Amino acid sequence: MNVKNGPVKLASIDIGTNSTRLMIAEKKRNHLKTLYRGVEITRLGAGVNEKRVLSSSAIQRTRLTLNKYKRLIEDYGVNETKVVATSAMRDAKNASLFIDEVEKKVGFQVEVLTGEKEGELSFLGATYDLCHVHQPILVIDIGGGSTEIIFGRPGFAEKFFSLDIGSVRLTEMFIKNDPPLESEIYLIEDYINSIIKGSFKEIDKRENLLCIGLAGTITTLSAISQKMRVYSPKKIHGSRLSLLEIERILNYLLSKNLSERKRLVGLESERADIIIAGTVILREIIRALGLKTVLISEHDILDGLILTMDC
């Protein structure tokens with residue numbers, strides 16, 4: 001497809017370990033106007049860390065969501081759609097079965113991204129409209145199965161770290177009690193630091209580093225901090241979280257059991273079981289890099305995908 005005159009409607013779908021997300025936008029050159037952005041908690045990666053297999057129920061949940069998204073895409077008159085999958089699909093031995101089923105029953109072709117490609121697209125999406133920023137940028141994208149950390153400057157990513165420390169993965173690995181025991185949190189902290197140890201040597205001494213946080217864990221923490229009863233992307237985008245605020249929210253979450261967390265203002269009930277592990281991931285990365293605040297962005301891999309589509 002190559003549309004020279006006027007904006008074109010494009011869609012991107014990100015099939016993650018925890019959620020499946022859709023963005024529909026008008027694109028003209030490198031300018032995006034978001035028409036629709038949606039998320040469904042499909043938990044495709046449930047149990048994948050242990051069994052390395054996508055369950056039939058997880059496949060069905062995700063396929064039903066993709067069918068819903070296909071109808072939305074048709075209603076919006078989208079010209080082209082790009083569908084990608086990330087950590088759970090990289091790990092699952094039966095990923096090809098899911099890909100074949102989606103192609104046959106939904107009509108989407110699914111590309112499984114490498115961790116590096118995932119990070120590259122997330123960085124592009126998070127920074128494409130930051131041409132006025134001249135300082136070095138660190139993007140943190142916490143997913144259900146992995147966390148991508150990318151260092152660079154607007155338009156150019158220099159270093160990629162794709163780490164198997166996602167919120168679903170670590171919840172399944174370490175949390176057996178409700179609320180989690182202090183010892184379980186210590187185990188998560190130790191595991192995270194064993195993974196990231198030595199990874200940040202090239203960036204941990206950079207001065208004037210702008211840290212940008214993406215995806216559900218981080219945007220949810222901002223919503224909790226703002227006591228947001230109705231999620232507002234405009235209020236999330238550009239908000240900031242300090243390390244002290246992240247620690248305050250974590251301690252608050254740890255004081256609640258799952259049923260209590262499901263009722264917290266700003267927290268989706270479907271995310272309540274994994275939010276603690278996700279928050280620990282963010283806190284430990286921020287600590288390891290010696291940072292004090294993170295800038296929250298609503299622009300992410302979905303934007304990056306659309307920006308790379310030819311039109």
# chains A, B, ... in the order shown; residues from 1 in each chain; ligands from 1
>>> residues_around(residues="range 53-67 of chain A", least_positions_apart="2", cutoff="6 Å", atoms="only C-alpha atoms", output="list of chain:residue names")
A:Thr42, A:Leu44, A:Val48, A:Lys51, A:Tyr69, A:Lys70, A:Ala92, A:Lys93, A:Asn94, A:Val106
>>> residues_around(residues="range 288-294 of chain A", least_positions_apart="6", cutoff="10 Å", atoms="only C-alpha atoms", output="mmCIF file with N, CA and C atoms, in the first residue's frame")
data_model
loop_
_atom_site.group_PDB
_atom_site.id
_atom_site.type_symbol
_atom_site.label_atom_id
_atom_site.label_comp_id
_atom_site.auth_asym_id
_atom_site.auth_seq_id
_atom_site.Cartn_x
_atom_site.Cartn_y
_atom_site.Cartn_z
ATOM 1 N N LEU A 138 15.907 6.928 28.262
ATOM 2 C CA LEU A 138 15.797 5.523 28.625
ATOM 3 C C LEU A 138 14.321 5.168 28.650
ATOM 4 N N VAL A 139 13.921 4.181 27.854
ATOM 5 C CA VAL A 139 12.529 3.732 27.814
ATOM 6 C C VAL A 139 12.412 2.397 28.534
ATOM 7 N N ILE A 140 11.456 2.314 29.457
ATOM 8 C CA ILE A 140 11.168 1.073 30.188
ATOM 9 C C ILE A 140 9.781 0.602 29.784
ATOM 10 N N ASN A 193 17.294 -8.356 40.301
ATOM 11 C CA ASN A 193 18.647 -7.802 40.339
ATOM 12 C C ASN A 193 19.687 -8.763 39.795
ATOM 13 N N ILE A 196 19.312 -8.097 35.988
ATOM 14 C CA ILE A 196 19.753 -6.800 35.464
ATOM 15 C C ILE A 196 21.189 -6.460 35.850
ATOM 16 N N LYS A 197 21.774 -7.234 36.766
ATOM 17 C CA LYS A 197 23.137 -6.947 37.211
ATOM 18 C C LYS A 197 24.098 -6.947 36.029
ATOM 19 N N PHE A 200 23.379 -2.680 32.863
ATOM 20 C CA PHE A 200 23.248 -1.231 32.715
ATOM 21 C C PHE A 200 24.562 -0.470 32.833
ATOM 22 N N LYS A 201 25.675 -1.165 32.748
ATOM 23 C CA LYS A 201 26.964 -0.501 32.971
ATOM 24 C C LYS A 201 27.209 0.659 32.013
ATOM 25 N N ILE A 203 25.006 2.674 30.761
ATOM 26 C CA ILE A 203 24.081 3.801 30.864
ATOM 27 C C ILE A 203 23.874 4.299 32.286
ATOM 28 N N ASP A 204 24.340 3.544 33.289
ATOM 29 C CA ASP A 204 23.978 3.920 34.649
ATOM 30 C C ASP A 204 24.702 5.156 35.160
ATOM 31 N N LYS A 205 25.697 5.645 34.406
ATOM 32 C CA LYS A 205 26.394 6.850 34.841
ATOM 33 C C LYS A 205 26.091 8.047 33.949
ATOM 34 N N ARG A 206 25.135 7.889 33.035
ATOM 35 C CA ARG A 206 24.762 9.002 32.164
ATOM 36 C C ARG A 206 24.061 10.085 32.968
ATOM 37 N N ASN A 208 21.668 13.578 33.236
ATOM 38 C CA ASN A 208 20.527 14.217 32.585
ATOM 39 C C ASN A 208 19.715 13.216 31.760
ATOM 40 N N LEU A 209 19.514 12.033 32.314
ATOM 41 C CA LEU A 209 18.809 10.954 31.616
ATOM 42 C C LEU A 209 17.297 11.110 31.800
ATOM 43 N N LEU A 210 16.559 11.139 30.678
ATOM 44 C CA LEU A 210 15.107 11.194 30.721
ATOM 45 C C LEU A 210 14.571 9.769 30.680
ATOM 46 N N CYS A 211 13.900 9.346 31.728
ATOM 47 C CA CYS A 211 13.346 7.994 31.812
ATOM 48 C C CYS A 211 11.863 8.040 31.459
ATOM 49 N N ILE A 212 11.463 7.221 30.473
ATOM 50 C CA ILE A 212 10.074 7.163 30.024
ATOM 51 C C ILE A 212 9.537 5.758 30.280
ATOM 52 N N GLY A 213 8.367 5.675 30.928
ATOM 53 C CA GLY A 213 7.761 4.392 31.237
ATOM 54 C C GLY A 213 6.523 4.135 30.401
ATOM 55 N N LEU A 214 6.414 2.893 29.898
ATOM 56 C CA LEU A 214 5.305 2.504 29.021
ATOM 57 C C LEU A 214 4.554 1.309 29.588
ATOM 58 N N ILE A 218 2.854 0.503 34.390
ATOM 59 C CA ILE A 218 3.274 1.869 34.685
ATOM 60 C C ILE A 218 2.112 2.850 34.548
ATOM 61 N N GLY A 238 2.306 12.080 29.972
ATOM 62 C CA GLY A 238 3.039 13.242 30.453
ATOM 63 C C GLY A 238 3.065 13.381 31.964
ATOM 64 N N SER A 239 2.357 12.492 32.672
ATOM 65 C CA SER A 239 2.423 12.518 34.133
ATOM 66 C C SER A 239 3.760 11.923 34.583
ATOM 67 N N ARG A 240 4.077 12.114 35.846
ATOM 68 C CA ARG A 240 5.348 11.606 36.382
ATOM 69 C C ARG A 240 5.114 10.818 37.661
ATOM 70 N N LEU A 241 5.974 9.838 37.880
ATOM 71 C CA LEU A 241 5.988 9.094 39.129
ATOM 72 C C LEU A 241 7.384 9.178 39.724
ATOM 73 N N SER A 242 7.452 9.550 40.987
ATOM 74 C CA SER A 242 8.738 9.562 41.670
ATOM 75 C C SER A 242 9.009 8.186 42.268
ATOM 76 N N LEU A 243 10.261 7.905 42.567
ATOM 77 C CA LEU A 243 10.604 6.653 43.229
ATOM 78 C C LEU A 243 9.880 6.552 44.567
ATOM 79 N N LEU A 244 9.790 7.661 45.286
ATOM 80 C CA LEU A 244 9.090 7.658 46.570
ATOM 81 C C LEU A 244 7.616 7.302 46.407
ATOM 82 N N GLU A 245 6.978 7.817 45.341
ATOM 83 C CA GLU A 245 5.567 7.515 45.103
ATOM 84 C C GLU A 245 5.388 6.050 44.698
ATOM 85 N N ILE A 246 6.300 5.524 43.901
ATOM 86 C CA ILE A 246 6.255 4.108 43.519
ATOM 87 C C ILE A 246 6.346 3.233 44.760
ATOM 88 N N LEU A 282 9.476 -2.261 38.278
ATOM 89 C CA LEU A 282 9.757 -0.849 38.013
ATOM 90 C C LEU A 282 10.647 -0.260 39.102
#
>>> select_by_dssp(residues="range 137-197 of chain A", states="alpha helix (DSSP H)", output="MDAnalysis selection string")
chainID A and resid 167:174 182:196
>>> residues_around(residues="range 124-136 of chain A", least_positions_apart="2", cutoff="9 Å", atoms="only C-alpha atoms", output="ChimeraX atom specification")
/A:30-31,119-122,138-139,151-157,206-214,297-307
>>> residues_around(residues="range 226-228 of chain A", least_positions_apart="6", cutoff="10 Å", atoms="only C-alpha atoms", output="ChimeraX atom specification")
/A:220,235-236,239,264-267
>>> write_last_selection(atoms="N, CA and C atoms", output="PDB file, in the first residue's frame")
ATOM      1  N   THR A 220      -0.960   2.135  34.962  1.00  0.00           N
ATOM      2  CA  THR A 220      -1.855   1.838  36.082  1.00  0.00           C
ATOM      3  C   THR A 220      -1.372   2.498  37.367  1.00  0.00           C
ATOM      4  N   LYS A 235      -4.633  12.491  30.902  1.00  0.00           N
ATOM      5  CA  LYS A 235      -4.052  12.759  32.219  1.00  0.00           C
ATOM      6  C   LYS A 235      -2.886  11.834  32.525  1.00  0.00           C
ATOM      7  N   ILE A 236      -2.881  10.659  31.932  1.00  0.00           N
ATOM      8  CA  ILE A 236      -1.777   9.715  32.125  1.00  0.00           C
ATOM      9  C   ILE A 236      -0.550  10.179  31.355  1.00  0.00           C
ATOM     10  N   SER A 239       2.357  12.492  32.672  1.00  0.00           N
ATOM     11  CA  SER A 239       2.423  12.518  34.133  1.00  0.00           C
ATOM     12  C   SER A 239       3.760  11.923  34.583  1.00  0.00           C
ATOM     13  N   LEU A 264      -9.566  -1.153  44.314  1.00  0.00           N
ATOM     14  CA  LEU A 264      -8.798   0.084  44.443  1.00  0.00           C
ATOM     15  C   LEU A 264      -9.070   1.017  43.272  1.00  0.00           C
ATOM     16  N   VAL A 265      -9.212   2.289  43.550  1.00  0.00           N
ATOM     17  CA  VAL A 265      -9.424   3.297  42.516  1.00  0.00           C
ATOM     18  C   VAL A 265      -8.182   3.390  41.637  1.00  0.00           C
ATOM     19  N   GLY A 266      -8.386   3.301  40.321  1.00  0.00           N
ATOM     20  CA  GLY A 266      -7.292   3.400  39.365  1.00  0.00           C
ATOM     21  C   GLY A 266      -6.721   2.075  38.918  1.00  0.00           C
ATOM     22  N   LEU A 267      -7.133   0.978  39.573  1.00  0.00           N
ATOM     23  CA  LEU A 267      -6.586  -0.344  39.253  1.00  0.00           C
ATOM     24  C   LEU A 267      -7.659  -1.225  38.628  1.00  0.00           C
TER      25      LEU A 267
END
>>> closest_residue(among="A:Thr81, A:Ser183, A:Ser259, A:Thr217", to="Glu111 in chain A", atoms="only C-alpha atoms")
A:Thr81
>>> residues_around(residues="Gly115 in chain A", least_positions_apart="6", cutoff="9 Å", atoms="only C-alpha atoms", output="PyMOL selection string")
chain A and resi 86-87+90+146-148+160-163
>>> closest_residue(among="A:Glu247, A:Asn257, A:Met23, A:Ser222", to="Arg287 in chain A", atoms="only C-alpha atoms")
A:Glu247
>>> closest_residue(among="A:Ile195, A:Val102, A:Met309, A:Ile175", to="Leu258 in chain A", atoms="only C-alpha atoms")
A:Ile175
>>> closest_residue(among="A:Ile15, A:Leu181, A:Val83, A:Leu22", to="Gly144 in chain A", atoms="only C-alpha atoms")
A:Ile15
>>> atom_distance(atom1="CA of Val84 in chain A", atom2="CA of Asp14 in chain A")
5.2 Å
>>> select_by_dssp(residues="range 110-197 of chain A", states="strand (DSSP E or B)", output="VMD selection string")
chain A and resid 110 to 112 137 to 142 147 to 153 156 to 163
>>> write_last_selection(atoms="N, CA and C atoms", output="CSV table (one decimal), in the first residue's frame")
chain,number,residue,atom,x,y,z
A,110,VAL,N,0.1,-13.1,12.0
A,110,VAL,CA,0.8,-12.7,13.2
A,110,VAL,C,2.3,-12.8,13.1
A,111,GLU,N,3.0,-11.7,13.4
A,111,GLU,CA,4.5,-11.8,13.4
A,111,GLU,C,5.0,-11.8,14.9
A,112,VAL,N,5.8,-12.8,15.2
A,112,VAL,CA,6.4,-12.9,16.5
A,112,VAL,C,7.7,-12.1,16.5
A,137,ILE,N,17.7,9.3,26.4
A,137,ILE,CA,16.4,8.8,26.9
A,137,ILE,C,16.6,7.3,27.2
A,138,LEU,N,15.9,6.9,28.3
A,138,LEU,CA,15.8,5.5,28.6
A,138,LEU,C,14.3,5.2,28.6
A,139,VAL,N,13.9,4.2,27.9
A,139,VAL,CA,12.5,3.7,27.8
A,139,VAL,C,12.4,2.4,28.5
A,140,ILE,N,11.5,2.3,29.5
A,140,ILE,CA,11.2,1.1,30.2
A,140,ILE,C,9.8,0.6,29.8
A,141,ASP,N,9.7,-0.6,29.2
A,141,ASP,CA,8.4,-1.2,28.8
A,141,ASP,C,8.2,-2.5,29.5
A,142,ILE,N,7.4,-2.5,30.6
A,142,ILE,CA,7.2,-3.6,31.4
A,142,ILE,C,6.0,-4.4,30.9
A,147,THR,N,10.5,-7.5,30.1
A,147,THR,CA,10.6,-6.1,30.2
A,147,THR,C,11.7,-5.7,29.2
A,148,GLU,N,11.4,-4.7,28.3
A,148,GLU,CA,12.3,-4.2,27.4
A,148,GLU,C,12.8,-2.8,27.9
A,149,ILE,N,14.1,-2.7,27.9
A,149,ILE,CA,14.8,-1.4,28.3
A,149,ILE,C,15.6,-0.9,27.2
A,150,ILE,N,15.4,0.3,26.7
A,150,ILE,CA,16.0,0.8,25.5
A,150,ILE,C,16.6,2.2,25.8
A,151,PHE,N,17.9,2.3,25.4
A,151,PHE,CA,18.6,3.6,25.6
A,151,PHE,C,18.9,4.2,24.3
A,152,GLY,N,18.7,5.6,24.2
A,152,GLY,CA,19.1,6.2,23.0
A,152,GLY,C,18.7,7.7,23.0
A,153,ARG,N,18.4,8.2,21.8
A,153,ARG,CA,18.0,9.6,21.6
A,153,ARG,C,16.8,9.5,20.7
A,156,PHE,N,16.7,7.4,17.4
A,156,PHE,CA,17.8,6.5,17.3
A,156,PHE,C,18.0,5.8,18.7
A,157,ALA,N,17.8,4.5,18.6
A,157,ALA,CA,18.0,3.6,19.8
A,157,ALA,C,19.4,3.0,19.7
A,158,GLU,N,20.1,3.1,20.8
A,158,GLU,CA,21.5,2.7,20.9
A,158,GLU,C,21.7,1.3,21.5
A,159,LYS,N,21.0,1.1,22.6
A,159,LYS,CA,21.2,-0.2,23.4
A,159,LYS,C,19.9,-0.8,23.7
A,160,PHE,N,19.8,-2.1,23.6
A,160,PHE,CA,18.5,-2.8,23.9
A,160,PHE,C,18.8,-3.9,24.9
A,161,PHE,N,17.9,-4.0,25.9
A,161,PHE,CA,17.9,-5.0,26.9
A,161,PHE,C,16.5,-5.7,26.9
A,162,SER,N,16.4,-6.9,26.5
A,162,SER,CA,15.1,-7.6,26.6
A,162,SER,C,15.3,-8.7,27.8
A,163,LEU,N,14.6,-8.5,28.9
A,163,LEU,CA,14.8,-9.2,30.1
A,163,LEU,C,13.5,-10.0,30.4
>>> closest_residue(among="A:Val280, A:Ile296, A:Ile286, A:Ile188", to="Lys234 in chain A", atoms="only C-alpha atoms")
A:Ile296
>>> atom_distance(atom1="CA of Ile24 in chain A", atom2="CA of Phe98 in chain A")
23.5 Å
